[in-house]
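See structure below.
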Amino acid sequence: MLRLIVVGLFLTLGTSCRALASNGKVELKYFDLRGAAETARVLLAFGGNDFVDTRFQIVPGTFDSPSFKEAKESGDLFMNLGRAPVLVTSEGATIGQSKAIERFLARQMGLMGQTPTEEAVIDCVAEHCRDVKDAQMRKGFSMFTKDKTDEEKATLRKEWFETDMPTMLEKINNVVKSTGTAGFAVGTKPSLADVSIFSLLHDCLSTDKDDVTEAAKNCDALNAIADAVSANPGVAKWLEERPETMF
C-alpha cells in the first residue's frame with residue numbers, strides 16, 4: 001500500500017520536471033544496446049522528450065559494427081575520444097561521456113535540485129549507483145569474463161547477489177532515507193538520483209531481475225523510488241516500445 005501511495009505522489013509532483021527546450025531535437029548516438037546510454041534514454045523519456053535515437057547496428061553473432069566504424073572515422077565521435085555514446089544538442093554541440101550526458105540532460109530538465117548542495121547530493125547518490133554496477137563488473141562473473149570457469153562464475157555470482165549487493169544497497173537505502181522523502185532520493189522532487197536508482201534496480205539484465213529484486217528486498221526507500229520512476233508515463237511508454245536488445 002505504501003509503495004502505491006508513493007507512486008501516486010510521484011506522478012503528481014513529477015510534473016515539475018521540465019522538457020528540453022523545443023528549438024530542435026537532441027540526438028543520442030550509441031550501439032543498438034541499452035548499455036552506457038540507457039540511463040540517458042530513460043531520462044529523456046522521463047521528461048517526455050522526443051529525441052533522435054541513433055543506433056549503431058551490430059552484426060549478428062559478432063561485436064562488429066560498420067556504422068560505428070564509419071561514425072568514428074568521420075569524426076562524429078571525436079568528443080568521446082572515438083567512443084560511444086555522444087549526445088548532439090539542439091544547438092549542434094556534441095557531448096561525450098555517458099555520465100556527463102546524464103548530468104547535462106538532468107540539469108536541462110530541472111532534475112539536479114534547487115541548490116548547489118542538492119545538486120551535489122543528487123550526484124552523490126547517482127555515483128553510489130554507479131559504484132554498485134562497477135563492483136558487479138569487477139566481481140568477474142559476466143559473459144565477458146574469459147579467465148574463469150563456469151563453476152567459478154557461479155560461485156562469484158552467488159556471493160554478489162546474496163551478500164555483496166544487498167550490503168551495498170542497504171547502505172544506499174539508508175542514505176536516501178536521510179536525504180529524501182517518500183518516493184524521492186533527494187528532497188521532495190524527482191531527480192537524476194531517482195532515475196539512477198530505477199536503472200540499477202529495474203532496468204538490469206532480464207537474467208538478473210529476480211536476483212536483484214531479492215537483493216533489494218529490505219530496501220523500502222529504494223524500491224519505492226524505482227517503482228515511482230517505472231510509473232512515469234514517458235518511462236512506461238519507453239520501456240514498452242524500445243527495441244529489444246541483448247543487454
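Identifiers for the C-alpha cells are assigned positionally: chains receive A, B, ... in sequence, residues are indexed from 1 per chain, and ligands are indexed from 1 in the order shown.
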If you take only C-alpha atoms and a cut-off of 12 Å, which residues of range 85-184 of chain A touch range 206-227 of chain A, and what are their nearest atom pairs and distances in Å to one decimal, in chain and number order, as a tab-separated table?
```
residue	atom	partner	partner_atom	distance
A:Val125	CA	A:Leu222	CA	11.1
A:Cys129	CA	A:Leu222	CA	10.9
A:Val132	CA	A:Val212	CA	11.5
A:Lys133	CA	A:Val212	CA	11.6
A:Gln136	CA	A:Asp208	CA	11.4
A:Phe141	CA	A:Asp208	CA	12.0
A:Ser142	CA	A:Asp208	CA	10.9
A:Met143	CA	A:Thr207	CA	11.7
A:Arg157	CA	A:Asp211	CA	9.8
A:Lys158	CA	A:Asp211	CA	9.2
A:Glu159	CA	A:Ala215	CA	11.0
A:Trp160	CA	A:Ala215	CA	9.1
A:Phe161	CA	A:Ala215	CA	5.9
A:Glu162	CA	A:Ala215	CA	6.4
A:Thr163	CA	A:Ala215	CA	8.1
A:Asp164	CA	A:Ala215	CA	8.9
A:Met165	CA	A:Ala215	CA	6.3
A:Pro166	CA	A:Ala215	CA	4.7
A:Thr167	CA	A:Ala215	CA	8.5
A:Met168	CA	A:Ala215	CA	9.6
A:Leu169	CA	A:Ala216	CA	6.5
A:Glu170	CA	A:Cys219	CA	5.9
A:Lys171	CA	A:Cys219	CA	9.1
A:Ile172	CA	A:Leu222	CA	8.0
A:Asn173	CA	A:Cys219	CA	5.6
A:Asn174	CA	A:Ala221	CA	8.1
A:Val175	CA	A:Ala221	CA	9.5
A:Val176	CA	A:Ala221	CA	7.0
A:Lys177	CA	A:Ala221	CA	6.5
A:Ser178	CA	A:Ala221	CA	10.2
A:Thr179	CA	A:Ala221	CA	10.9
A:Gly180	CA	A:Ala221	CA	9.1
A:Thr181	CA	A:Ala221	CA	8.6
A:Ala182	CA	A:Ala221	CA	7.0
A:Gly183	CA	A:Ile225	CA	4.5
A:Phe184	CA	A:Ile225	CA	5.8
```
- Task: Identify, with DSSP run on backbone atoms, the residues in range 43-101 of chain A assigned to alpha helix (DSSP H), and express the list as a PyMOL selection string.
- Result: chain A and resi 43-46+66-74+98-101
Next, the residues of the selection above should be written as a short mmCIF file (atom, residue, chain, number, x, y, z; two decimals), in the first residue's frame with all heavy atoms.
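See part_0.cif below for the written result:
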```cif
data_model
loop_
_atom_site.label_atom_id
_atom_site.label_comp_id
_atom_site.auth_asym_id
_atom_site.auth_seq_id
_atom_site.Cartn_x
_atom_site.Cartn_y
_atom_site.Cartn_z
N LEU A 43 16.08 9.10 -19.05
CA LEU A 43 15.92 10.49 -18.64
C LEU A 43 15.11 11.27 -19.67
O LEU A 43 14.19 12.04 -19.30
CB LEU A 43 17.29 11.16 -18.46
CG LEU A 43 17.99 10.98 -17.13
CD1 LEU A 43 19.44 11.42 -17.24
CD2 LEU A 43 17.28 11.76 -16.02
N LEU A 44 15.44 11.11 -20.93
CA LEU A 44 14.71 11.81 -21.98
C LEU A 44 13.24 11.38 -22.00
O LEU A 44 12.34 12.22 -22.13
CB LEU A 44 15.37 11.54 -23.33
CG LEU A 44 16.70 12.25 -23.57
CD1 LEU A 44 17.49 11.60 -24.68
CD2 LEU A 44 16.46 13.73 -23.87
N ALA A 45 12.99 10.09 -21.83
CA ALA A 45 11.62 9.60 -21.78
C ALA A 45 10.89 10.12 -20.55
O ALA A 45 9.71 10.48 -20.61
CB ALA A 45 11.62 8.07 -21.79
N PHE A 46 11.59 10.19 -19.43
CA PHE A 46 11.02 10.67 -18.18
C PHE A 46 10.46 12.09 -18.34
O PHE A 46 9.41 12.42 -17.81
CB PHE A 46 12.09 10.64 -17.10
CG PHE A 46 11.62 11.02 -15.73
CD1 PHE A 46 11.10 10.06 -14.87
CD2 PHE A 46 11.70 12.32 -15.27
CE1 PHE A 46 10.66 10.40 -13.60
CE2 PHE A 46 11.27 12.67 -14.01
CZ PHE A 46 10.74 11.70 -13.17
N PRO A 66 29.77 -1.86 -38.51
CA PRO A 66 30.25 -0.99 -39.58
C PRO A 66 29.81 0.46 -39.43
O PRO A 66 30.57 1.38 -39.72
CB PRO A 66 29.65 -1.63 -40.84
CG PRO A 66 29.48 -3.07 -40.48
CD PRO A 66 29.08 -3.06 -39.03
N SER A 67 28.57 0.70 -38.96
CA SER A 67 28.10 2.07 -38.82
C SER A 67 28.85 2.81 -37.71
O SER A 67 29.09 4.02 -37.81
CB SER A 67 26.60 2.10 -38.57
OG SER A 67 26.25 1.35 -37.41
N PHE A 68 29.25 2.09 -36.67
CA PHE A 68 30.07 2.70 -35.61
C PHE A 68 31.44 3.08 -36.17
O PHE A 68 31.93 4.19 -35.93
CB PHE A 68 30.23 1.74 -34.44
CG PHE A 68 31.28 2.17 -33.46
CD1 PHE A 68 31.06 3.21 -32.58
CD2 PHE A 68 32.52 1.53 -33.44
CE1 PHE A 68 32.04 3.62 -31.67
CE2 PHE A 68 33.51 1.92 -32.54
CZ PHE A 68 33.27 2.96 -31.66
N LYS A 69 32.04 2.19 -36.92
CA LYS A 69 33.35 2.47 -37.52
C LYS A 69 33.27 3.69 -38.43
O LYS A 69 34.17 4.54 -38.44
CB LYS A 69 33.86 1.25 -38.28
CG LYS A 69 34.23 0.09 -37.39
CD LYS A 69 34.73 -1.09 -38.22
CE LYS A 69 35.13 -2.26 -37.33
NZ LYS A 69 35.58 -3.44 -38.11
N GLU A 70 32.19 3.77 -39.19
CA GLU A 70 32.01 4.91 -40.09
C GLU A 70 31.89 6.21 -39.30
O GLU A 70 32.49 7.23 -39.66
CB GLU A 70 30.77 4.69 -40.94
CG GLU A 70 30.49 5.81 -41.94
CD GLU A 70 29.25 5.56 -42.76
OE1 GLU A 70 28.76 4.41 -42.80
OE2 GLU A 70 28.75 6.52 -43.39
N ALA A 71 31.10 6.19 -38.21
CA ALA A 71 30.94 7.38 -37.38
C ALA A 71 32.27 7.78 -36.74
O ALA A 71 32.60 8.97 -36.64
CB ALA A 71 29.89 7.13 -36.32
N LYS A 72 33.02 6.80 -36.31
CA LYS A 72 34.32 7.07 -35.69
C LYS A 72 35.28 7.69 -36.70
O LYS A 72 35.95 8.70 -36.40
CB LYS A 72 34.90 5.77 -35.14
CG LYS A 72 36.23 5.92 -34.43
CD LYS A 72 36.66 4.57 -33.84
CE LYS A 72 38.01 4.70 -33.13
NZ LYS A 72 38.42 3.41 -32.52
N GLU A 73 35.33 7.12 -37.88
CA GLU A 73 36.24 7.62 -38.91
C GLU A 73 35.84 9.00 -39.41
O GLU A 73 36.69 9.80 -39.80
CB GLU A 73 36.30 6.62 -40.07
CG GLU A 73 37.00 5.32 -39.69
CD GLU A 73 36.83 4.24 -40.74
OE1 GLU A 73 36.15 4.50 -41.76
OE2 GLU A 73 37.36 3.12 -40.53
N SER A 74 34.55 9.31 -39.35
CA SER A 74 34.07 10.61 -39.84
C SER A 74 34.30 11.73 -38.83
O SER A 74 34.14 12.91 -39.16
CB SER A 74 32.58 10.53 -40.16
OG SER A 74 31.81 10.44 -38.97
N SER A 98 29.18 9.22 -20.86
CA SER A 98 27.78 8.93 -20.51
C SER A 98 27.31 9.69 -19.28
O SER A 98 26.18 10.18 -19.25
CB SER A 98 27.60 7.42 -20.30
OG SER A 98 28.43 6.94 -19.25
N LYS A 99 28.16 9.80 -18.26
CA LYS A 99 27.73 10.49 -17.03
C LYS A 99 27.62 12.00 -17.24
O LYS A 99 26.74 12.64 -16.67
CB LYS A 99 28.68 10.17 -15.88
CG LYS A 99 28.70 8.70 -15.51
CD LYS A 99 27.31 8.18 -15.19
CE LYS A 99 27.29 6.68 -15.02
NZ LYS A 99 25.91 6.15 -14.82
N ALA A 100 28.48 12.56 -18.07
CA ALA A 100 28.36 13.98 -18.41
C ALA A 100 27.07 14.23 -19.18
O ALA A 100 26.38 15.24 -18.96
CB ALA A 100 29.57 14.43 -19.23
N ILE A 101 26.71 13.31 -20.07
CA ILE A 101 25.45 13.41 -20.82
C ILE A 101 24.27 13.36 -19.86
O ILE A 101 23.34 14.18 -19.95
CB ILE A 101 25.36 12.28 -21.86
CG1 ILE A 101 26.39 12.50 -22.98
CG2 ILE A 101 23.95 12.19 -22.44
CD1 ILE A 101 26.57 11.31 -23.90
#
```
- Task: Would you please extract all strand (DSSP E or B) residues from range 11-170 of chain A, as assigned by DSSP on the backbone, and give them as JSON, numbers by chain?
- Result: {"A": [27, 28, 29, 30, 31, 52, 53, 54, 55, 56, 86, 87, 88, 94, 95, 96]}
Å distance separating CA of Val121 in chain A from CA of Gly187 in chain A, one decimal place: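 The value is 9.7 Å.
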I'd like the interatomic distance between CA of Lys189 in chain A and CA of Asp123 in chain A, to a tenth of an Å.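 CA of Lys189 in chain A sits 14.6 Å away from CA of Asp123 in chain A.
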- Task: Using only C-alpha atoms, pick whichever of A:Val195, A:Met137, A:Ala84, A:Ala126 has the shortest atom-to-atom distance to Ala36 in chain A.
- Result: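 Among the listed residues, the smallest separation from Ala36 in chain A belongs to A:Ala84.
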